[in-house]
file target.tsv (TSV, C-alpha atoms)
chain	number	residue	atom	x	y	z
A	25	MET	CA	102.38	-148.02	-40.38
A	26	SER	CA	102.72	-151.78	-40.76
A	27	ARG	CA	100.36	-154.75	-40.62
A	28	ALA	CA	97.15	-155.28	-38.66
A	29	PHE	CA	95.94	-158.50	-37.02
A	30	LEU	CA	92.37	-158.56	-35.68
A	31	VAL	CA	91.75	-161.69	-33.59
A	32	VAL	CA	88.29	-162.54	-32.25
A	33	MET	CA	88.16	-164.83	-29.22
A	34	ASP	CA	84.66	-166.05	-29.95
A	35	SER	CA	82.31	-165.52	-26.97
A	36	VAL	CA	84.96	-164.31	-24.46
A	37	GLY	CA	82.72	-161.65	-22.95
A	38	ILE	CA	83.53	-159.62	-19.86
A	39	GLY	CA	80.03	-158.77	-18.60
A	40	GLY	CA	78.48	-155.46	-17.86
A	41	ALA	CA	76.31	-154.94	-20.97
A	42	PRO	CA	73.87	-152.19	-19.96
A	43	ASP	CA	71.05	-153.66	-22.07
A	44	ALA	CA	71.52	-157.29	-20.97
A	45	ASP	CA	68.05	-157.26	-19.42
A	46	GLN	CA	66.61	-157.19	-22.96
A	47	PHE	CA	68.28	-160.49	-23.94
A	48	PHE	CA	67.31	-163.89	-22.57
A	49	ASN	CA	68.38	-167.49	-22.06
A	50	GLY	CA	64.98	-169.12	-21.90
A	51	ASP	CA	63.02	-166.96	-19.46
A	52	VAL	CA	66.10	-165.65	-17.67
A	53	PRO	CA	67.59	-162.29	-18.72
A	54	ASP	CA	71.33	-162.03	-19.31
A	55	THR	CA	71.69	-159.42	-16.57
A	56	GLY	CA	74.75	-160.36	-14.52
A	57	ALA	CA	76.30	-162.76	-17.04
A	58	ASN	CA	80.09	-162.42	-17.20
A	59	THR	CA	81.90	-165.14	-19.11
A	60	LEU	CA	85.46	-164.40	-18.06
A	61	ALA	CA	84.88	-163.27	-14.48
A	62	HIS	CA	82.70	-166.27	-13.67
A	63	ILE	CA	85.25	-168.69	-15.15
A	64	ALA	CA	88.03	-167.05	-13.11
A	65	GLN	CA	85.92	-167.22	-9.96
A	66	ALA	CA	85.08	-170.89	-10.55
A	67	CYS	CA	88.76	-171.74	-11.07
A	68	ALA	CA	89.76	-169.94	-7.86
A	69	GLU	CA	87.08	-171.84	-5.92
A	70	GLY	CA	88.15	-175.25	-7.23
A	71	ARG	CA	85.07	-175.70	-9.44
A	72	ALA	CA	86.99	-176.08	-12.72
A	73	GLU	CA	89.43	-178.92	-12.07
A	74	GLU	CA	88.77	-181.21	-15.06
A	75	GLY	CA	91.99	-181.36	-17.06
A	76	ARG	CA	93.50	-178.38	-15.24
A	77	THR	CA	93.85	-177.06	-11.70
A	78	GLY	CA	94.05	-173.89	-9.63
A	79	PRO	CA	93.35	-170.23	-10.42
A	80	LEU	CA	92.88	-169.22	-14.05
A	81	HIS	CA	96.37	-168.65	-15.49
A	82	LEU	CA	96.47	-166.21	-18.41
A	83	PRO	CA	99.74	-164.29	-18.01
A	84	ASN	CA	100.02	-163.05	-21.60
A	85	LEU	CA	96.45	-161.83	-21.94
A	86	ASP	CA	96.52	-160.38	-18.44
A	87	ALA	CA	99.71	-158.47	-19.24
A	88	LEU	CA	97.89	-156.89	-22.17
A	89	GLY	CA	95.13	-155.76	-19.79
A	90	LEU	CA	92.52	-158.53	-19.69
A	91	GLY	CA	91.92	-158.55	-15.94
A	92	ALA	CA	91.89	-154.77	-15.83
A	93	ALA	CA	89.37	-154.68	-18.68
A	94	VAL	CA	87.00	-157.04	-16.82
A	95	ARG	CA	87.14	-154.93	-13.68
A	96	LEU	CA	86.61	-151.68	-15.60
A	97	ALA	CA	83.71	-153.06	-17.66
A	98	SER	CA	81.81	-154.84	-14.91
A	99	GLY	CA	83.40	-154.23	-11.54
A	100	GLU	CA	83.67	-157.99	-10.96
A	101	THR	CA	86.72	-159.68	-9.50
A	102	THR	CA	88.95	-161.91	-11.60
A	103	PRO	CA	91.12	-164.03	-9.28
A	104	GLY	CA	94.52	-164.68	-10.82
A	105	LEU	CA	94.21	-161.79	-13.28
A	106	ASP	CA	95.77	-158.78	-11.61
A	107	ALA	CA	98.77	-157.76	-13.74
A	108	GLU	CA	99.70	-154.16	-14.46
A	109	PRO	CA	98.77	-153.80	-18.16
A	110	ALA	CA	101.64	-153.44	-20.61
A	111	GLY	CA	99.44	-152.90	-23.70
A	112	LEU	CA	96.61	-150.66	-24.75
A	113	TRP	CA	93.44	-151.95	-23.12
A	114	GLY	CA	89.78	-151.24	-22.62
A	115	TYR	CA	86.42	-152.74	-23.47
A	116	ALA	CA	83.85	-152.43	-26.26
A	117	ARG	CA	80.08	-152.16	-26.27
A	118	GLU	CA	77.83	-153.43	-29.06
A	119	HIS	CA	74.86	-151.43	-30.34
A	120	SER	CA	73.40	-153.90	-32.86
A	121	PRO	CA	70.26	-155.75	-31.71
A	122	GLY	CA	71.80	-159.18	-31.32
A	123	LYS	CA	74.23	-161.35	-29.40
A	124	ASP	CA	75.48	-163.63	-32.13
A	125	THR	CA	78.18	-164.01	-34.76
A	126	PRO	CA	76.92	-161.76	-37.59
A	127	SER	CA	75.86	-158.92	-35.29
A	128	GLY	CA	79.17	-158.91	-33.44
A	129	HIS	CA	81.47	-159.36	-36.42
A	130	TRP	CA	79.69	-156.92	-38.71
A	131	GLU	CA	79.89	-154.21	-36.07
A	132	LEU	CA	83.51	-155.03	-35.24
A	133	ALA	CA	84.12	-154.54	-38.97
A	134	GLY	CA	82.47	-151.13	-38.87
A	135	LEU	CA	78.83	-151.88	-39.78
A	136	PRO	CA	76.18	-151.97	-37.05
A	137	VAL	CA	73.30	-154.20	-38.13
A	138	PRO	CA	70.66	-151.90	-39.69
A	139	TRP	CA	67.65	-154.17	-39.06
A	140	ASP	CA	66.16	-156.54	-36.50
A	141	TRP	CA	67.03	-160.19	-37.12
A	142	HIS	CA	64.29	-162.78	-37.45
A	143	TYR	CA	64.19	-165.33	-34.64
A	144	PHE	CA	62.17	-168.54	-34.58
A	145	PRO	CA	59.85	-169.08	-31.60
A	146	ASN	CA	60.80	-171.58	-28.91
A	147	THR	CA	57.90	-173.86	-29.78
A	148	VAL	CA	57.45	-177.27	-31.38
A	149	PRO	CA	57.32	-176.91	-34.31
A	150	ALA	CA	59.63	-173.88	-34.44
A	151	PHE	CA	59.48	-173.32	-38.20
A	152	PRO	CA	56.61	-172.26	-40.44
A	153	ALA	CA	55.14	-175.24	-42.27
A	154	GLU	CA	56.13	-173.86	-45.67
A	155	LEU	CA	59.77	-173.54	-44.56
A	156	SER	CA	59.82	-177.13	-43.29
A	157	ARG	CA	58.36	-178.30	-46.60
A	158	ALA	CA	61.01	-176.33	-48.49
A	159	ALA	CA	63.74	-177.90	-46.35
A	160	ALA	CA	62.44	-181.41	-47.05
A	161	GLU	CA	62.19	-180.64	-50.75
A	162	ALA	CA	65.78	-179.33	-50.79
A	163	ALA	CA	66.90	-182.54	-49.08
A	164	GLY	CA	64.83	-184.77	-51.36
A	165	THR	CA	63.01	-186.31	-48.39
A	166	GLU	CA	59.44	-186.54	-47.20
A	167	GLY	CA	60.10	-184.50	-44.08
A	168	ILE	CA	62.61	-183.18	-41.54
A	169	LEU	CA	63.56	-184.11	-37.98
A	170	GLY	CA	63.88	-181.71	-35.08
A	171	ASP	CA	61.98	-178.55	-36.01
A	172	CYS	CA	62.73	-177.07	-32.59
A	173	HIS	CA	65.16	-175.12	-30.44
A	174	ALA	CA	68.02	-177.38	-29.38
A	175	SER	CA	71.66	-177.75	-28.44
A	176	GLY	CA	73.54	-179.07	-31.47
A	177	THR	CA	75.30	-181.89	-29.68
A	178	ALA	CA	72.16	-182.90	-27.76
A	179	ILE	CA	69.92	-183.09	-30.81
A	180	ILE	CA	72.48	-185.19	-32.70
A	181	ALA	CA	72.64	-187.60	-29.79
A	182	GLU	CA	68.84	-187.70	-29.63
A	183	LEU	CA	68.01	-187.95	-33.33
A	184	GLY	CA	71.19	-189.21	-34.99
A	185	ALA	CA	70.03	-192.83	-35.17
A	186	GLU	CA	66.62	-191.87	-36.57
A	187	HIS	CA	68.34	-189.59	-39.09
A	188	MET	CA	70.49	-192.46	-40.32
A	189	ARG	CA	67.47	-194.78	-40.48
A	190	THR	CA	65.11	-192.41	-42.31
A	191	GLY	CA	67.56	-190.20	-44.21
A	192	TRP	CA	65.67	-187.11	-43.04
A	193	PRO	CA	67.87	-184.09	-42.14
A	194	ILE	CA	67.86	-182.71	-38.60
A	195	CYS	CA	66.79	-179.05	-38.67
A	196	TYR	CA	66.90	-176.89	-35.53
A	197	THR	CA	67.49	-173.38	-34.26
A	198	SER	CA	68.46	-171.52	-31.09
A	199	ALA	CA	68.06	-168.11	-29.51
A	200	ASP	CA	70.23	-166.80	-32.36
A	201	SER	CA	68.94	-165.90	-35.81
A	202	VAL	CA	69.93	-169.23	-37.36
A	203	PHE	CA	68.57	-172.22	-39.27
A	204	GLN	CA	70.87	-175.20	-38.61
A	205	ILE	CA	71.02	-178.46	-40.52
A	206	ALA	CA	72.75	-181.48	-39.02
A	207	ALA	CA	73.39	-184.53	-41.19
A	208	HIS	CA	75.74	-187.50	-41.29
A	209	GLU	CA	78.71	-186.88	-43.57
A	210	GLU	CA	78.66	-190.44	-44.92
A	211	SER	CA	75.08	-191.73	-44.86
A	212	PHE	CA	73.54	-188.40	-45.92
A	213	GLY	CA	76.55	-186.86	-47.65
A	214	LEU	CA	78.45	-183.66	-46.97
A	215	GLU	CA	77.93	-182.14	-50.43
A	216	ARG	CA	74.23	-183.00	-50.33
A	217	MET	CA	73.90	-181.13	-47.04
A	218	LEU	CA	75.82	-178.12	-48.40
A	219	ASP	CA	73.60	-178.08	-51.50
A	220	MET	CA	70.57	-178.13	-49.20
A	221	CYS	CA	71.95	-175.10	-47.33
A	222	ARG	CA	72.62	-173.25	-50.58
A	223	ALA	CA	69.08	-173.89	-51.77
A	224	LEU	CA	67.49	-172.63	-48.54
A	225	ALA	CA	69.80	-169.67	-47.83
A	226	PRO	CA	68.13	-167.12	-50.16
A	227	ARG	CA	64.69	-167.81	-48.66
A	228	LEU	CA	66.00	-167.50	-45.10
A	229	HIS	CA	68.10	-164.42	-45.81
A	230	LYS	CA	65.01	-162.74	-47.27
A	231	MET	CA	63.36	-163.42	-43.89
A	232	LYS	CA	66.39	-161.72	-42.23
A	233	VAL	CA	67.61	-164.96	-40.69
A	234	GLY	CA	71.32	-164.30	-40.28
A	235	ARG	CA	72.80	-167.71	-41.07
A	236	VAL	CA	72.06	-171.13	-42.47
A	237	ILE	CA	74.60	-173.45	-40.84
A	238	ALA	CA	75.69	-176.88	-42.03
A	239	ARG	CA	76.53	-179.07	-39.01
A	240	PRO	CA	78.00	-182.34	-40.32
A	241	PHE	CA	78.71	-185.24	-37.99
A	242	VAL	CA	80.06	-188.77	-38.08
A	243	GLY	CA	79.77	-191.90	-35.95
A	244	THR	CA	77.21	-194.60	-35.25
A	245	PRO	CA	74.38	-195.10	-32.75
A	246	GLU	CA	76.57	-197.69	-31.01
A	247	THR	CA	79.75	-195.60	-30.74
A	248	GLY	CA	78.12	-192.19	-30.50
A	249	PHE	CA	78.13	-189.18	-32.81
A	250	GLU	CA	80.68	-186.38	-33.14
A	251	ARG	CA	80.54	-183.16	-35.14
A	252	THR	CA	83.33	-182.58	-37.66
A	253	THR	CA	85.29	-179.47	-38.63
A	254	ASN	CA	83.45	-179.26	-41.96
A	255	ARG	CA	80.88	-176.84	-40.58
A	256	LYS	CA	79.96	-174.10	-43.04
A	257	ASP	CA	77.98	-170.93	-42.42
A	258	PHE	CA	75.90	-169.43	-45.23
A	259	ALA	CA	75.57	-165.88	-43.93
A	260	ILE	CA	73.50	-163.00	-45.21
A	261	LEU	CA	75.61	-160.46	-47.11
A	262	PRO	CA	76.45	-157.22	-45.27
A	263	PRO	CA	74.38	-154.44	-46.88
A	264	ALA	CA	77.32	-152.01	-47.02
A	265	PRO	CA	81.13	-152.18	-47.24
A	266	VAL	CA	82.97	-153.36	-44.12
A	267	LEU	CA	86.58	-153.29	-42.95
A	268	THR	CA	87.65	-156.10	-45.29
A	269	ASN	CA	86.26	-154.14	-48.25
A	270	TRP	CA	87.91	-150.92	-47.11
A	271	VAL	CA	91.30	-152.62	-46.94
A	272	GLN	CA	90.94	-154.46	-50.22
A	273	ASP	CA	89.60	-151.37	-52.01
A	274	ALA	CA	92.75	-149.54	-50.90
A	275	GLY	CA	94.81	-152.13	-52.77
A	276	ARG	CA	95.89	-154.07	-49.69
A	277	ARG	CA	95.69	-157.81	-48.98
A	278	VAL	CA	93.15	-159.35	-46.59
A	279	HIS	CA	93.71	-162.78	-45.04
A	280	ALA	CA	90.86	-164.59	-43.26
A	281	VAL	CA	91.41	-167.29	-40.62
A	282	GLY	CA	88.56	-169.51	-39.39
A	283	LYS	CA	84.91	-168.72	-40.06
A	284	ILE	CA	85.60	-165.10	-41.10
A	285	GLY	CA	85.19	-166.10	-44.75
A	286	ASP	CA	81.74	-167.52	-44.05
A	287	ILE	CA	80.63	-164.58	-41.90
A	288	PHE	CA	81.39	-162.07	-44.65
A	289	SER	CA	80.59	-164.38	-47.59
A	290	MET	CA	84.19	-163.87	-48.77
A	291	GLN	CA	83.52	-160.18	-49.42
A	292	GLY	CA	86.80	-158.26	-49.37
A	293	ILE	CA	88.86	-161.38	-48.61
A	294	ASP	CA	91.86	-162.57	-50.62
A	295	THR	CA	92.84	-165.79	-48.82
A	296	LEU	CA	91.05	-168.11	-46.40
A	297	ARG	CA	92.52	-170.66	-43.98
A	298	LYS	CA	90.25	-172.98	-41.96
A	299	GLY	CA	90.48	-175.87	-39.50
A	300	SER	CA	90.32	-176.61	-35.79
A	301	ASP	CA	91.46	-173.92	-33.37
A	302	ALA	CA	94.85	-175.64	-33.09
A	303	GLN	CA	95.18	-175.53	-36.87
A	304	LEU	CA	93.97	-171.93	-36.94
A	305	MET	CA	96.66	-170.94	-34.45
A	306	GLN	CA	99.27	-172.43	-36.77
A	307	HIS	CA	97.73	-170.49	-39.67
A	308	LEU	CA	97.93	-167.29	-37.62
A	309	SER	CA	101.54	-168.04	-36.74
A	310	ASP	CA	102.35	-168.60	-40.40
A	311	LEU	CA	100.70	-165.31	-41.35
A	312	MET	CA	102.78	-163.49	-38.74
A	313	ASP	CA	105.72	-164.60	-40.89
A	314	GLU	CA	104.11	-164.29	-44.32
A	315	ALA	CA	101.55	-161.47	-44.31
A	316	GLU	CA	102.48	-158.53	-46.49
A	317	GLU	CA	103.19	-155.01	-45.27
A	318	CYS	CA	99.98	-152.97	-44.84
A	319	SER	CA	97.81	-156.13	-44.92
A	320	LEU	CA	94.94	-157.13	-42.64
A	321	THR	CA	94.65	-160.58	-41.07
A	322	PHE	CA	91.20	-161.19	-39.56
A	323	ALA	CA	90.88	-164.36	-37.43
A	324	ASN	CA	88.18	-166.05	-35.37
A	325	PHE	CA	88.81	-168.78	-32.77
A	326	VAL	CA	85.42	-170.43	-32.36
A	327	GLU	CA	85.94	-173.35	-29.98
A	328	PHE	CA	85.56	-171.28	-26.78
A	329	ASP	CA	81.98	-170.84	-27.94
A	330	SER	CA	81.15	-174.01	-29.84
A	331	LEU	CA	82.81	-176.60	-27.61
A	332	TYR	CA	82.57	-175.07	-24.14
A	333	GLY	CA	80.26	-172.06	-23.86
A	334	HIS	CA	77.15	-173.65	-25.36
A	335	ARG	CA	77.86	-176.88	-23.46
A	336	ARG	CA	78.23	-174.94	-20.18
A	337	ASP	CA	81.61	-176.57	-19.60
A	338	ILE	CA	83.52	-174.26	-17.25
A	339	SER	CA	86.61	-176.49	-16.98
A	340	GLY	CA	86.79	-176.92	-20.74
A	341	TYR	CA	86.44	-173.18	-21.33
A	342	ALA	CA	89.21	-172.51	-18.78
A	343	ARG	CA	91.49	-175.06	-20.47
A	344	ALA	CA	90.85	-173.44	-23.84
A	345	LEU	CA	91.66	-170.00	-22.47
A	346	GLU	CA	94.90	-171.21	-20.93
A	347	TRP	CA	95.89	-172.96	-24.17
A	348	PHE	CA	95.11	-169.81	-26.16
A	349	ASP	CA	97.16	-167.68	-23.75
A	350	ARG	CA	100.22	-169.92	-24.15
A	351	GLU	CA	99.92	-169.85	-27.92
A	352	ILE	CA	99.32	-166.12	-28.15
A	353	GLY	CA	102.53	-165.59	-26.17
A	354	ASP	CA	104.43	-167.10	-29.10
A	355	ILE	CA	102.41	-165.04	-31.59
A	356	LEU	CA	103.30	-161.82	-29.77
A	357	LYS	CA	107.00	-162.55	-30.23
A	358	LYS	CA	106.49	-162.49	-34.01
A	359	LEU	CA	105.15	-158.94	-34.24
A	360	HIS	CA	107.16	-156.70	-36.54
A	361	PRO	CA	107.96	-153.13	-35.48
A	362	GLY	CA	104.83	-151.07	-36.08
A	363	ASP	CA	102.46	-154.06	-36.27
A	364	LEU	CA	99.12	-153.92	-34.47
A	365	LEU	CA	97.57	-157.03	-32.91
A	366	LEU	CA	94.08	-156.46	-31.49
A	367	LEU	CA	92.34	-159.15	-29.45
A	368	THR	CA	88.61	-158.88	-28.81
A	369	ALA	CA	85.36	-160.90	-28.80
A	370	ASP	CA	81.97	-160.78	-30.52
A	371	HIS	CA	79.59	-161.55	-27.60
A	372	GLY	CA	79.55	-163.63	-24.43
A	373	ASN	CA	78.69	-167.25	-23.68
A	374	ASP	CA	78.90	-167.56	-19.90
A	375	PRO	CA	79.34	-171.28	-19.11
A	376	SER	CA	77.99	-170.69	-15.59
A	377	TRP	CA	74.74	-169.19	-16.91
A	378	THR	CA	71.36	-170.80	-17.33
A	379	GLY	CA	70.39	-172.17	-20.74
A	380	THR	CA	72.75	-172.91	-23.62
A	381	ASP	CA	72.70	-169.67	-25.62
A	382	HIS	CA	75.01	-166.69	-25.98
A	383	THR	CA	74.98	-163.96	-23.35
A	384	ARG	CA	74.78	-160.23	-24.04
A	385	GLU	CA	78.08	-158.83	-22.78
A	386	GLN	CA	80.73	-156.25	-23.41
A	387	VAL	CA	84.07	-157.52	-24.72
A	388	PRO	CA	87.76	-156.89	-24.09
A	389	VAL	CA	89.90	-154.77	-26.37
A	390	LEU	CA	93.58	-155.66	-25.95
A	391	ILE	CA	96.18	-154.15	-28.28
A	392	ALA	CA	99.83	-155.18	-28.64
A	393	GLY	CA	102.48	-153.30	-30.57
A	394	GLN	CA	101.12	-149.78	-30.00
A	395	GLY	CA	102.36	-148.87	-26.54
A	396	ALA	CA	100.53	-149.03	-23.21
A	397	GLY	CA	97.57	-147.21	-21.70
A	398	GLN	CA	93.86	-147.30	-21.03
A	399	ILE	CA	91.43	-146.57	-23.87
A	400	GLY	CA	88.38	-147.01	-21.65
A	401	GLN	CA	84.98	-147.84	-23.13
A	402	VAL	CA	84.67	-147.82	-26.92
A	403	ASP	CA	82.10	-149.02	-29.43
A	404	PHE	CA	82.49	-152.17	-31.52
A	405	ALA	CA	82.63	-150.04	-34.69
A	406	ASP	CA	85.53	-148.03	-33.26
A	407	ILE	CA	87.72	-151.11	-33.68
A	408	ALA	CA	87.32	-151.03	-37.47
A	409	ALA	CA	87.91	-147.28	-37.59
A	410	SER	CA	91.08	-147.63	-35.52
A	411	ILE	CA	92.48	-150.43	-37.68
A	412	ALA	CA	91.73	-148.33	-40.78
A	413	HIS	CA	93.63	-145.45	-39.16
A	414	HIS	CA	96.57	-147.74	-38.43
A	415	LEU	CA	96.64	-148.90	-42.05
A	416	ASN	CA	96.18	-145.33	-43.31
A	417	ILE	CA	93.05	-146.07	-45.31
A	418	PRO	CA	89.65	-144.32	-45.35
A	419	ALA	CA	87.11	-145.60	-42.83
A	420	GLN	CA	83.36	-145.68	-43.36
A	421	GLY	CA	80.49	-146.00	-40.91
A	422	PRO	CA	80.01	-144.56	-37.42
A	423	GLY	CA	83.25	-145.69	-35.77
A	424	ARG	CA	85.91	-143.33	-34.39
A	425	ASN	CA	89.62	-143.92	-34.12
A	426	PHE	CA	90.87	-144.46	-30.55
A	427	LEU	CA	94.57	-144.94	-31.33

call {"tool": "encode", "arguments": {"input": "target.tsv", "output": "structure tokens"}}
result
Amino acid sequence: MSRAFLVVMDSVGIGGAPDADQFFNGDVPDTGANTLAHIAQACAEGRAEEGRTGPLHLPNLDALGLGAAVRLASGETTPGLDAEPAGLWGYAREHSPGKDTPSGHWELAGLPVPWDWHYFPNTVPAFPAELSRAAAEAAGTEGILGDCHASGTAIIAELGAEHMRTGWPICYTSADSVFQIAAHEESFGLERMLDMCRALAPRLHKMKVGRVIARPFVGTPETGFERTTNRKDFAILPPAPVLTNWVQDAGRRVHAVGKIGDIFSMQGIDTLRKGSDAQLMQHLSDLMDEAEECSLTFANFVEFDSLYGHRRDISGYARALEWFDREIGDILKKLHPGDLLLLTADHGNDPSWTGTDHTREQVPVLIAGQGAGQIGQVDFADIAASIAHHLNIPAQGPGRNFL
């Protein structure tokens, strides 16, 4: 027994979800979406040449079994990903009724979501009048802007100037169970926006809306607007203990990297490190050196999803994957004897798909430090149970150990 590192490649799905026909991007079901396979196919066909070129090149992830996992999960081809796996590999299937961050991460941490999330209708307005009034009251304004389904970057470009002129916050949602607030860090104020989120979160959580998300941005109408790294998610509390609690309750240390602290409302977490994905990779590298024996490090790399998946940017997503692969090669060299590093995802976000929302997909399970072999199809909750087994602590929930 040694340490455990659970790393979520946010939205790196591998297709094949058997219930994808029940999840939609607009009016189009997610049947057939496959984030990784479709990126690999686009690269091989010369359709992802912005800032990179040629077939998708992921030698470290492929050696752990990424290409094999895609083929096993969905039967789709992945040009350039054909290595003989040298790690434990397979794929995981989610049972919770969602395709977003809380659903995926809670179940990866051993707790399938025990209710149906509340989603706002794709209408204008999207929010009940009393909720819009509460949002304006929390902001100290006469009203709100937006009140619709929207892409975060698009609605900032559309309404940023009016927001700066009126002072009204931009409130919007998506196909996920979220209430998002975009505001200018300087003219509106970052702390004012966070206070607004804190005031609204209890009301929205009572409605079973999974997250209230602060989306700060900077810039001017003349130069354009850009979101900052000061995003904060105010997530509903898990209704039962999850992996982080299990580890902490056993007297072990838990280190969170990225938005993990927000997702679990800091429950069962000892330290938190945030930043851009490049900064998060440095934090992960540091924890490979510093994390205590028998500790858990739980990391999320969000920019696959936030910068490229939602924006349907195939080239950008491919660049991010290739960057991540190079960096994870250095991380793998830092594993101690007995360490477990498990790479997975929380949902899909196929950049070749219609719409701008997540896609319902299965996800890879790639394990370094524990030998080689195929684990086949597992459940999301099995990942938590297996990490608990590795750390020799009691597991809760429905998961089974596959190690």

call {"tool": "closest_residue", "arguments": {"input": "target.tsv", "among": "A:Phe47, A:Phe404, A:Tyr341, A:Trp347", "to": "A:Pro375", "atoms": "only C-alpha atoms"}}
result
A:Tyr341

call {"tool": "atom_distance", "arguments": {"input": "target.tsv", "atom1": "atom CA of A:Asp329", "atom2": "atom CA of A:Asp86"}}
result
20.3 Å

call {"tool": "atom_distance", "arguments": {"input": "target.tsv", "atom1": "atom CA of A:Gln394", "atom2": "atom CA of A:Arg95"}}
result
22.1 Å

call {"tool": "atom_distance", "arguments": {"input": "target.tsv", "atom1": "atom CA of A:Cys318", "atom2": "atom CA of A:Ile355"}}
result
18.1 Å

call {"tool": "residues_around", "arguments": {"input": "target.tsv", "residues": "A:Leu261", "least_positions_apart": "4", "cutoff": "12 Å", "atoms": "all atoms listed in the file", "output": "ChimeraX atom specification"}}
result
/A:126-127,130,135,137,225-226,229-230,232-235,257,265-266,285-292

call {"tool": "residues_around", "arguments": {"input": "target.tsv", "residues": "A:Thr77", "least_positions_apart": "3", "cutoff": "12 Å", "atoms": "all atoms listed in the file", "output": "list in words"}}
result
Ala64, Ala66, Cys67, Ala68, Glu69, Gly70, Arg71, Ala72, Glu73, Glu74, Leu80, His81, Ser339, Gly340, Ala342, Arg343 and Glu346 of chain A

call {"tool": "write_last_selection", "arguments": {"input": "target.tsv", "atoms": "C-alpha atoms", "output": "PDB file, in the coordinates of the input"}}
result
ATOM      1  CA  ALA A  64      88.030-167.050 -13.110  1.00  0.00           C
ATOM      2  CA  ALA A  66      85.080-170.890 -10.550  1.00  0.00           C
ATOM      3  CA  CYS A  67      88.760-171.740 -11.070  1.00  0.00           C
ATOM      4  CA  ALA A  68      89.760-169.940  -7.860  1.00  0.00           C
ATOM      5  CA  GLU A  69      87.080-171.840  -5.920  1.00  0.00           C
ATOM      6  CA  GLY A  70      88.150-175.250  -7.230  1.00  0.00           C
ATOM      7  CA  ARG A  71      85.070-175.700  -9.440  1.00  0.00           C
ATOM      8  CA  ALA A  72      86.990-176.080 -12.720  1.00  0.00           C
ATOM      9  CA  GLU A  73      89.430-178.920 -12.070  1.00  0.00           C
ATOM     10  CA  GLU A  74      88.770-181.210 -15.060  1.00  0.00           C
ATOM     11  CA  LEU A  80      92.880-169.220 -14.050  1.00  0.00           C
ATOM     12  CA  HIS A  81      96.370-168.650 -15.490  1.00  0.00           C
ATOM     13  CA  SER A 339      86.610-176.490 -16.980  1.00  0.00           C
ATOM     14  CA  GLY A 340      86.790-176.920 -20.740  1.00  0.00           C
ATOM     15  CA  ALA A 342      89.210-172.510 -18.780  1.00  0.00           C
ATOM     16  CA  ARG A 343      91.490-175.060 -20.470  1.00  0.00           C
ATOM     17  CA  GLU A 346      94.900-171.210 -20.930  1.00  0.00           C
TER      18      GLU A 346
END

call {"tool": "closest_residue", "arguments": {"input": "target.tsv", "among": "A:Gly362, A:Gly282, A:Gly176, A:Pro263", "to": "A:Arg335", "atoms": "all atoms listed in the file"}}
result
A:Gly176

call {"tool": "residues_around", "arguments": {"input": "target.tsv", "residues": "A:Asp171", "least_positions_apart": "4", "cutoff": "7 Å", "atoms": "only C-alpha atoms", "output": "tab-separated table (two decimals) with C-alpha atoms, keeping the file's coordinate frame"}}
result
chain	number	residue	atom	x	y	z
A	148	VAL	CA	57.45	-177.27	-31.38
A	149	PRO	CA	57.32	-176.91	-34.31
A	150	ALA	CA	59.63	-173.88	-34.44
A	151	PHE	CA	59.48	-173.32	-38.20
A	195	CYS	CA	66.79	-179.05	-38.67
A	196	TYR	CA	66.90	-176.89	-35.53
